[in-house]
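Novice: Sharing a structure here in structure tokens format.
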Amino acid sequence: MRLGFKARLSLWHMVIVAAILAAAAFAANWTLARLVRAQVNEALVELARTEAAAVIADGDRPVQIHEAPPGTTAPSFVRLDKFVQIVGHDGEVLARSSTLGTARLPVSSGLLAQLRAGNTVLQTVEDFGEEPIRMVSVPFRVGARGYAVQVAMSLDDARAVMRGARWLFLIISLVILGAVVATGALLARRALRPIDEIVRRARRIGESSLASATGLAERLPHPGSQDEIGRLVETLNEMLSRIEQSFEVQRRFTADASHELRSPLSRLRAELEVTLRRPRERAEYEEALRSGLDEVERLSWLTEELLGLARLDTAEGRRIPTATVPVMPIVEEAVRRLLPEAESREITVVVKPCPPLAVLAAPGAASLAVANVLDNAVKFSQAGGQVTVSVFSDGVDVVVSVADTGPGIPVDEMPRLFERFNRGTAARIAEAPGFGLGLAISRALVEGQGGRIAVESAPGEGATFSIRLPLAS
């Protein structure tokens with residue numbers, strides 16, 4: 001069974017804390033063991049050196065252990081739990097403390113060899129009597145003779161302390177681990193509660209959006225903080241806004257496309273029905289067929305533009321492949337496309353001279369974008385008017401400016417100027433041909449090449465469209 005995120009988070013938290021506590025317990029146990037052993041060694045060496053100094057001070061007197069006779073003074077806690085023995089370099093035991101009784105501290109041949117070499121030897125003897133002991137052997141000389149003081153003490157108490165410490169470390173670690181795990185689970189539940197609420201609200205928004213489009217207008221409640229949860233909610237709300245906007249664009253696009261397709265189809269059907277109601281002369285049939293052909297051409301034109309928009313939507317977010325190309329041939333190609341239409345409407349198209357400039361663009365897409373803007377300028381200029389094309393660089397972009405002498409664009413229509421199927425007041429009054437797709441296609445083509453398109457206008461003073469394409473270095 002796959003654990004949930006909250007359970008996995010608590011489990012990993014417990015494992016990490018357990019590992020940290022285990023490492024800390026082992027480190028504390030190792031440190032305490034070293035401290036206890038160092039303290040035992042220090043006490044043994046100190047007593048051995050004191051005893052050796054006392055023997056040396058006695059000079060030629062017989063070797064003996066310097067412990068107080070019974071009943072003459074207070075007990076010596078330094079010597080009370082220790083065994084003291086003096087041996088010669090040949091291993092002969094010369095004196096023993098009363099704490100040893102009849103026992104003798106072990107003296108091996110290897111130990112004697114190290115003592116003769118003048119080395120102080122610390123060792124642990126596990127099988128001395130009933131308890132293990134820690135023993136130090138310190139060599140010294142009195143005149144020409146060599147001796148060694150051996151001092152030992154039981155390790156049973158030290159090891160009992162270490163066992164108790166290990167149990168203490170284990171109990172403390174388990175208590176801390178339990179407290180941390182419980183606290184972590186509580187904190188995880190409290191920290192993830194806003195996320196659970198976000199999930200519930202998002203699921204409710206998804207279900208309501210399936211039932212009706214108005215569900216996309218709902219938003220997740222903001223927690224009021226700028227932490228990770230707050231940023232997550234902001235990101236999700238921004239995503240919902242983009243989805244709602246995209247859905248609204250598609251809905252409006254579908255409605256407008258249906259309307260534009262319905263009108264020519266209705267006219268074509270009406271003309272065919274009227275023509276077929278009774279026999280007619282050949283000229284009337286030809287006129288009806290020509291009218292139907294006009295409507296079919298209109299439908300073909302609309303279909304081509306819709307297919308172009310569909311291709312642009314499919315490639316949305318991807319840059320159109322560009323190359324370094326001179327800008328003037330692009331502009332001249334667009335002007336050639338529109339020149340017959342401009343001459344038929346007695347519109348003068350003026351292309352101002354400019355220095356050689358190169359842009360990063362796809363020539364075909366850039367030419368189509370400029371041609372659409374020029375077509376718009378020619379379409380709305382009055383007979384005898386003028387369309388002026390200027391090309392210049394601002395150091396970053398190359399700007400293709402198209403200015404017309406038309407009626408201008410009302411201020412309230414500017415925000416929707418580049419939307420699909422948007423036909424302004426001037427287009428409806430003049431009954432200009434078109435479907436309101438040219439500027440939308442131009443914007444998509446220009447932005448797909450890393451450029452921008454903008455417009456400046458005032459009612460009655462014409463409009464100036466600016467197409468910006470990246471300047472080639």
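Residue numbering restarts at 1 in every chain; chains get A, B, ... in the order shown in the structure tokens, and ligands count up from 1 in that same order.
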Taking only residues of region 91-148 of chain A that have an atom at most 10 Å from an atom of region 33-50 of chain A, what is each one's shortest atom pair and its distance in Å to one decimal, using only C-alpha atoms, in chain and number order, as a Markdown table?

Specialist:
```
| residue | atom | partner | partner_atom | distance |
| --- | --- | --- | --- | --- |
| A:Thr120 | CA | A:Val45 | CA | 8.9 |
| A:Val121 | CA | A:Val45 | CA | 9.8 |
| A:Leu122 | CA | A:Asn41 | CA | 7.7 |
| A:Gln123 | CA | A:Asn41 | CA | 9.6 |
| A:Arg134 | CA | A:Asn41 | CA | 7.9 |
| A:Met135 | CA | A:Leu44 | CA | 7.3 |
| A:Val136 | CA | A:Leu44 | CA | 6.3 |
| A:Ser137 | CA | A:Ala48 | CA | 7.6 |
| A:Val138 | CA | A:Ala48 | CA | 6.5 |
| A:Pro139 | CA | A:Arg49 | CA | 9.2 |
| A:Phe140 | CA | A:Arg49 | CA | 9.0 |
| A:Ala148 | CA | A:Ala48 | CA | 8.9 |
```

Novice: Can you list, as a short mmCIF file (atom, residue, chain, number, x, y, z; two decimals) with C-alpha atoms, in the first residue's frame, all residues belonging to region 136-209 of chain A that DSSP tags as strand (DSSP E or B)?

Specialist:
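Just written: selection-v7.cif:
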```
data_model
loop_
_atom_site.label_atom_id
_atom_site.label_comp_id
_atom_site.auth_asym_id
_atom_site.auth_seq_id
_atom_site.Cartn_x
_atom_site.Cartn_y
_atom_site.Cartn_z
CA VAL A 136 49.60 0.25 35.29
CA SER A 137 53.26 -0.78 35.62
CA VAL A 138 55.76 2.07 36.17
CA PRO A 139 59.52 1.24 36.13
CA PHE A 140 61.99 3.04 38.43
CA ARG A 141 65.54 2.52 39.73
CA VAL A 142 67.10 2.65 43.17
CA ARG A 145 68.70 -2.06 40.80
CA GLY A 146 65.58 -1.81 38.68
CA TYR A 147 62.08 -2.09 40.06
CA ALA A 148 58.50 -1.57 38.92
CA VAL A 149 55.41 -0.40 40.79
CA GLN A 150 52.19 -2.07 39.68
CA VAL A 151 48.90 -0.43 40.64
CA ALA A 152 45.55 -1.92 39.68
CA MET A 153 41.89 -1.33 40.38
CA SER A 154 38.63 -3.06 39.57
#
```

Novice: Smallest atom-to-atom distance to Arg8 (chain A): which of A:Thr348, A:Arg203, A:Ala185, A:Leu338, using only C-alpha atoms?

Specialist: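 Checking each candidate against Arg8 (chain A), we get A:Ala185 as the closest.
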
Novice: Which residue is closest to Val402 (chain A)? Choose from A:Ala458, A:Val387, A:Ala103, A:Val446 and count only C-alpha atoms.

Specialist: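 Counting only C-alpha atoms, the residue closest to Val402 (chain A) is A:Val387.
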
Novice: Using only C-alpha atoms, can you tell me which of A:Leu155, A:Leu289, A:Val161, A:Ile16 comes closest to Leu272 (chain A)?

Specialist: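 Checking each of A:Leu155, A:Leu289, A:Val161, A:Ile16 against Leu272 (chain A), counting only C-alpha atoms, the winner is A:Leu289.
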
Novice: I want to know what sits within 9 Å of Ser473 (chain A), based on only C-alpha atoms, with residues of the same chain fewer than 4 positions away left out; could you give that as a PyMOL selection string?

Specialist: chain A and resi 324+358-360

Novice: Might you pull out every residue within 12 Å of Glu286 (chain A), with only C-alpha atoms counted and same-chain residues fewer than 6 positions away left off, and present them as JSON, numbers by chain?

Specialist: {"A": [272, 275, 280, 292, 293]}

Novice: Write the selection just made, keeping N, CA and C atoms, as a compact mmCIF listing (two decimals), in the first residue's frame?

Specialist:
```txt
# COMPACT_ATOMS: atom_id res chain seq x y z
N LEU A 272 -29.95 30.22 -53.88
CA LEU A 272 -30.21 28.97 -54.60
C LEU A 272 -31.69 28.60 -54.55
N THR A 275 -33.62 30.90 -56.86
CA THR A 275 -33.34 30.58 -58.27
C THR A 275 -34.09 29.33 -58.71
N ARG A 280 -35.85 29.99 -65.18
CA ARG A 280 -35.35 31.33 -65.41
C ARG A 280 -34.56 31.37 -66.71
N GLY A 292 -23.39 33.17 -56.10
CA GLY A 292 -23.00 32.03 -55.26
C GLY A 292 -21.50 31.84 -55.21
N LEU A 293 -20.84 32.09 -56.37
CA LEU A 293 -19.38 31.98 -56.40
C LEU A 293 -18.73 33.00 -55.47
```

Novice: I want to know what sits within 6 Å of Ala440 (chain A), based on only C-alpha atoms, with residues of the same chain fewer than 3 positions away left out; could you give that as a ChimeraX atom specification?

Specialist: /A:418-420,437,443

Novice: Show me, as a count of residues only, the residues that have an atom within 8 Å of Asn372 (chain A) when counting only C-alpha atoms, minus same-chain residues fewer than 6 positions from it.

Specialist: 3

Novice: Could you find all residues in region 151-258 of chain A that DSSP calls alpha helix (DSSP H) from the backbone, and write them as a VMD selection string?

Specialist: chain A and resid 156 to 211 228 to 258

Novice: For region 182-207 of chain A versus region 226-231 of chain A, which residues have an atom no more than 10 Å away, and what is each residue's nearest atom pair and distance in Å rounded to one decimal, using only C-alpha atoms, chain-then-number order, as a tab-separated table?

Specialist:
```
residue	atom	partner	partner_atom	distance
A:Ala191	CA	A:Ile229	CA	9.2
A:Leu192	CA	A:Ile229	CA	9.3
A:Pro194	CA	A:Ile229	CA	7.4
A:Ile195	CA	A:Ile229	CA	7.4
A:Ile198	CA	A:Ile229	CA	9.4
```

Novice: Please identify all polymer residues within 8 Å of Gln386 (chain A), counting only C-alpha atoms, omitting same-chain residues fewer than 3 positions from it, and present them as a list in words.

Specialist: Ile347, Thr348, Val349, Val350, Ser381, Asp404 and Thr405 of chain A

Novice: Could you tell me which of A:Val370, A:Glu413, A:Phe83, A:Ile441 comes closest to Glu51 (chain A) if we count only C-alpha atoms?

Specialist: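 So, comparing all the options, the nearest one is A:Phe83.
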